[in-house]
>>> print(open('target.cif').read())   # mmCIF, C-alpha atoms
data_model
#
loop_
_atom_site.label_atom_id
_atom_site.label_comp_id
_atom_site.auth_asym_id
_atom_site.auth_seq_id
_atom_site.Cartn_x
_atom_site.Cartn_y
_atom_site.Cartn_z
CA MET A 1 -76.41 72.29 -189.22
CA LYS A 2 -78.21 74.62 -186.80
CA ARG A 3 -78.91 73.06 -183.38
CA ASN A 4 -82.34 73.14 -181.86
CA PRO A 5 -82.30 75.33 -178.68
CA LEU A 6 -84.52 72.74 -176.96
CA PHE A 7 -81.78 70.08 -177.02
CA PRO A 8 -80.35 70.97 -173.55
CA ASN A 9 -83.87 70.63 -172.08
CA PHE A 10 -84.33 67.38 -173.99
CA ALA A 11 -81.10 66.07 -172.44
CA LEU A 12 -82.36 66.81 -168.94
CA LEU A 13 -85.67 65.09 -169.68
CA LEU A 14 -83.85 62.09 -171.12
CA LEU A 15 -81.67 61.90 -168.00
CA ALA A 16 -84.81 61.71 -165.91
CA LEU A 17 -86.38 58.99 -168.05
CA ILE A 18 -83.54 56.61 -168.97
CA GLY A 19 -83.51 53.57 -166.76
CA ASN A 20 -86.79 54.47 -165.10
CA THR A 21 -89.05 51.87 -166.68
CA ALA A 22 -90.84 50.77 -163.51
CA PRO A 23 -94.48 51.86 -163.27
CA LEU A 24 -95.06 54.94 -161.16
CA HIS A 25 -97.13 54.61 -158.00
CA ALA A 26 -98.27 57.25 -155.56
CA ALA A 27 -96.02 55.69 -152.87
CA ASP A 28 -92.84 56.05 -154.99
CA SER A 29 -90.39 58.61 -153.72
CA ALA A 30 -88.06 60.73 -155.78
CA THR A 31 -84.32 60.17 -155.77
CA TYR A 32 -82.20 63.32 -155.80
CA VAL A 33 -78.48 63.48 -156.46
CA PHE A 34 -76.84 66.85 -156.05
CA SER A 35 -73.59 66.18 -157.87
CA SER A 36 -71.83 69.49 -157.20
CA GLY A 37 -68.76 68.71 -155.13
CA LYS A 38 -69.42 64.95 -155.24
CA PHE A 39 -67.28 63.99 -158.26
CA THR A 40 -64.48 61.57 -157.41
CA SER A 41 -61.55 60.22 -159.38
CA CYS A 42 -62.22 57.28 -161.71
CA GLY A 43 -59.03 55.76 -160.27
CA PRO A 44 -55.26 56.24 -160.23
CA ASP A 45 -54.89 54.50 -163.61
CA ILE A 46 -57.39 56.90 -165.26
CA PRO A 47 -56.08 60.46 -164.82
CA GLY A 48 -58.36 63.22 -166.06
CA CYS A 49 -61.56 61.26 -165.34
CA GLU A 50 -64.07 62.00 -162.56
CA HIS A 51 -67.51 60.51 -161.93
CA VAL A 52 -70.47 60.58 -159.59
CA MET A 53 -72.88 57.67 -159.04
CA PHE A 54 -76.57 58.41 -159.57
CA LYS A 55 -78.33 55.09 -159.14
CA GLY A 56 -77.69 51.34 -159.07
CA ASP A 57 -74.75 49.10 -158.21
CA PRO A 58 -72.11 48.47 -160.91
CA ALA A 59 -71.08 45.22 -159.21
CA THR A 60 -74.50 43.59 -159.46
CA GLY A 61 -76.69 45.25 -162.08
CA PRO A 62 -77.69 48.32 -164.05
CA PHE A 63 -76.34 51.68 -162.92
CA GLN A 64 -76.23 55.35 -163.86
CA LYS A 65 -73.36 57.81 -163.52
CA VAL A 66 -72.21 61.17 -164.77
CA TYR A 67 -68.63 61.40 -166.02
CA ARG A 68 -66.48 64.50 -166.39
CA MET A 69 -63.29 64.29 -168.47
CA LYS A 70 -60.42 66.73 -168.99
CA LYS A 71 -59.61 68.15 -172.41
CA GLY A 72 -57.64 65.57 -174.41
CA PHE A 73 -58.93 62.54 -172.47
CA GLU A 74 -58.86 59.40 -174.63
CA PHE A 75 -60.98 56.26 -174.31
CA VAL A 76 -59.00 53.19 -175.33
CA LYS A 77 -60.59 50.57 -177.61
CA HIS A 78 -62.89 48.57 -175.35
CA TRP A 79 -66.26 46.84 -175.02
CA HIS A 80 -68.79 46.11 -172.28
CA ALA A 81 -70.93 43.03 -171.60
CA ALA A 82 -73.99 45.30 -171.17
CA ALA A 83 -75.36 48.03 -173.44
CA GLU A 84 -74.62 51.70 -172.72
CA ASN A 85 -76.82 54.78 -173.11
CA LEU A 86 -74.87 58.03 -173.24
CA VAL A 87 -76.28 61.58 -173.21
CA MET A 88 -73.90 64.49 -173.68
CA ILE A 89 -74.30 67.27 -171.13
CA LYS A 90 -71.37 69.58 -171.91
CA GLY A 91 -68.49 69.68 -174.37
CA THR A 92 -67.77 67.24 -177.16
CA VAL A 93 -66.96 63.54 -177.43
CA VAL A 94 -65.60 62.06 -180.64
CA LEU A 95 -66.73 58.43 -180.72
CA ASN A 96 -65.73 55.55 -182.99
CA THR A 97 -67.28 52.09 -183.18
CA GLU A 98 -66.00 48.98 -184.88
CA GLY A 99 -67.62 48.86 -188.31
CA GLY A 100 -68.96 52.42 -187.95
CA LYS A 101 -67.70 55.90 -188.71
CA GLU A 102 -66.44 58.61 -186.39
CA GLN A 103 -69.22 60.63 -184.75
CA LYS A 104 -69.01 63.94 -182.88
CA LEU A 105 -71.46 64.18 -179.95
CA ARG A 106 -72.36 67.53 -178.35
CA ALA A 107 -74.71 68.66 -175.56
CA GLY A 108 -78.12 67.05 -176.00
CA ASP A 109 -76.88 64.24 -178.27
CA PHE A 110 -77.59 60.59 -177.42
CA VAL A 111 -75.95 57.32 -178.40
CA HIS A 112 -76.94 53.74 -177.59
CA ILE A 113 -73.93 51.39 -177.71
CA PRO A 114 -75.02 47.74 -177.87
CA ALA A 115 -73.38 45.15 -175.62
CA ASN A 116 -70.09 43.74 -176.94
CA LEU A 117 -69.57 46.51 -179.55
CA VAL A 118 -65.95 47.67 -179.60
CA HIS A 119 -65.71 51.46 -179.30
CA TRP A 120 -63.19 54.20 -178.48
CA GLY A 121 -62.97 57.97 -178.53
CA ALA A 122 -61.73 61.21 -177.05
CA CYS A 123 -62.78 64.51 -175.52
CA PRO A 124 -61.19 67.25 -177.66
CA GLU A 125 -62.41 69.70 -175.00
CA GLU A 126 -63.54 69.18 -171.41
CA CYS A 127 -66.67 67.03 -171.55
CA THR A 128 -69.44 65.87 -169.23
CA PHE A 129 -71.90 63.09 -170.01
CA TYR A 130 -74.55 60.88 -168.42
CA LEU A 131 -73.98 57.15 -168.82
CA GLY A 132 -76.56 54.47 -168.08
CA ILE A 133 -75.29 50.87 -168.23
CA GLU A 134 -77.94 48.17 -168.65
CA GLY A 135 -76.15 45.56 -166.53
CA PRO A 136 -73.17 45.01 -164.22
CA ASP A 137 -69.99 46.93 -164.98
CA SER A 138 -67.40 45.45 -167.27
CA PHE A 139 -64.61 47.24 -169.10
CA ASN A 140 -62.79 44.99 -171.53
CA VAL A 141 -59.79 46.53 -173.27
CA VAL A 142 -59.08 45.35 -176.80
CA GLU A 143 -55.47 44.22 -177.06
CA LYS A 144 -53.36 46.09 -179.62
#
>>> encode(input="target.cif", output="structure tokens")
Amino acid sequence: MKRNPLFPNFALLLLALIGNTAPLHAADSATYVFSSGKFTSCGPDIPGCEHVMFKGDPATGPFQKVYRMKKGFEFVKHWHAAAENLVMIKGTVVLNTEGGKEQKLRAGDFVHIPANLVHWGACPEECTFYLGIEGPDSFNVVEK
């Protein structure tokens, strides 16, 4: 299937719109995040994962981040108490959901993962994606 060359621009527009449902007023100010050089490790237990916070507070409510993963990074089977909105920026993510079929997401692709849906996946190549979580952070690993 041939990809539409407008998809990368669509992804940028979507990044600007997701999570911004408050009415606009003349007094509103723009929020800028210049992520270059600001990525930090996702933690010592998650090698190959870096992220940068865009907006919100994961401890108390909705938030938005960009994640960057090394080639071969794998997401264990897990679920979240809040829904996720993911937009691919670069690379590929192979995503599986309980009761669904494997999907390959590339730059410009979007997926909404409902709260409590078990999912897992991998980055067969280095990947970067925007992730907006609709509530406080929770990462619940499914026992094997």
>>> atom_distance(input="target.cif", atom1="atom CA of Asp57 of chain A", atom2="atom CA of Glu143 of chain A")
27.4 Å
>>> residues_around(input="target.cif", residues="Gly121 of chain A", least_positions_apart="3", cutoff="10 Å", atoms="only C-alpha atoms", output="ChimeraX atom specification")
/A:73-78,93-97,102-104,124
>>> residues_around(input="target.cif", residues="Pro47 of chain A", least_positions_apart="5", cutoff="10 Å", atoms="all atoms listed in the file", output="list in words")
Ser41, Cys42, Met69, Lys70 and Phe73 of chain A
>>> write_last_selection(input="target.cif", atoms="C-alpha atoms", output="tab-separated table (two decimals), in the frame of the given file")
chain	number	residue	atom	x	y	z
A	41	SER	CA	-61.55	60.22	-159.38
A	42	CYS	CA	-62.22	57.28	-161.71
A	69	MET	CA	-63.29	64.29	-168.47
A	70	LYS	CA	-60.42	66.73	-168.99
A	73	PHE	CA	-58.93	62.54	-172.47
>>> resolve_selection(input="target.cif", expression="the PyMOL selection byres ((chain A and resi 132) around 8)", output="list in words")
Ile18, Gly19, Pro62, Phe63, Gln64, Lys65, Glu84, Asn85, Leu86, Tyr130, Leu131, Ile133 and Glu134 of chain A
>>> closest_residue(input="target.cif", among="A:Ser29, A:Arg68, A:Ser35, A:Lys101", to="Met53 of chain A", atoms="all atoms listed in the file")
A:Ser35
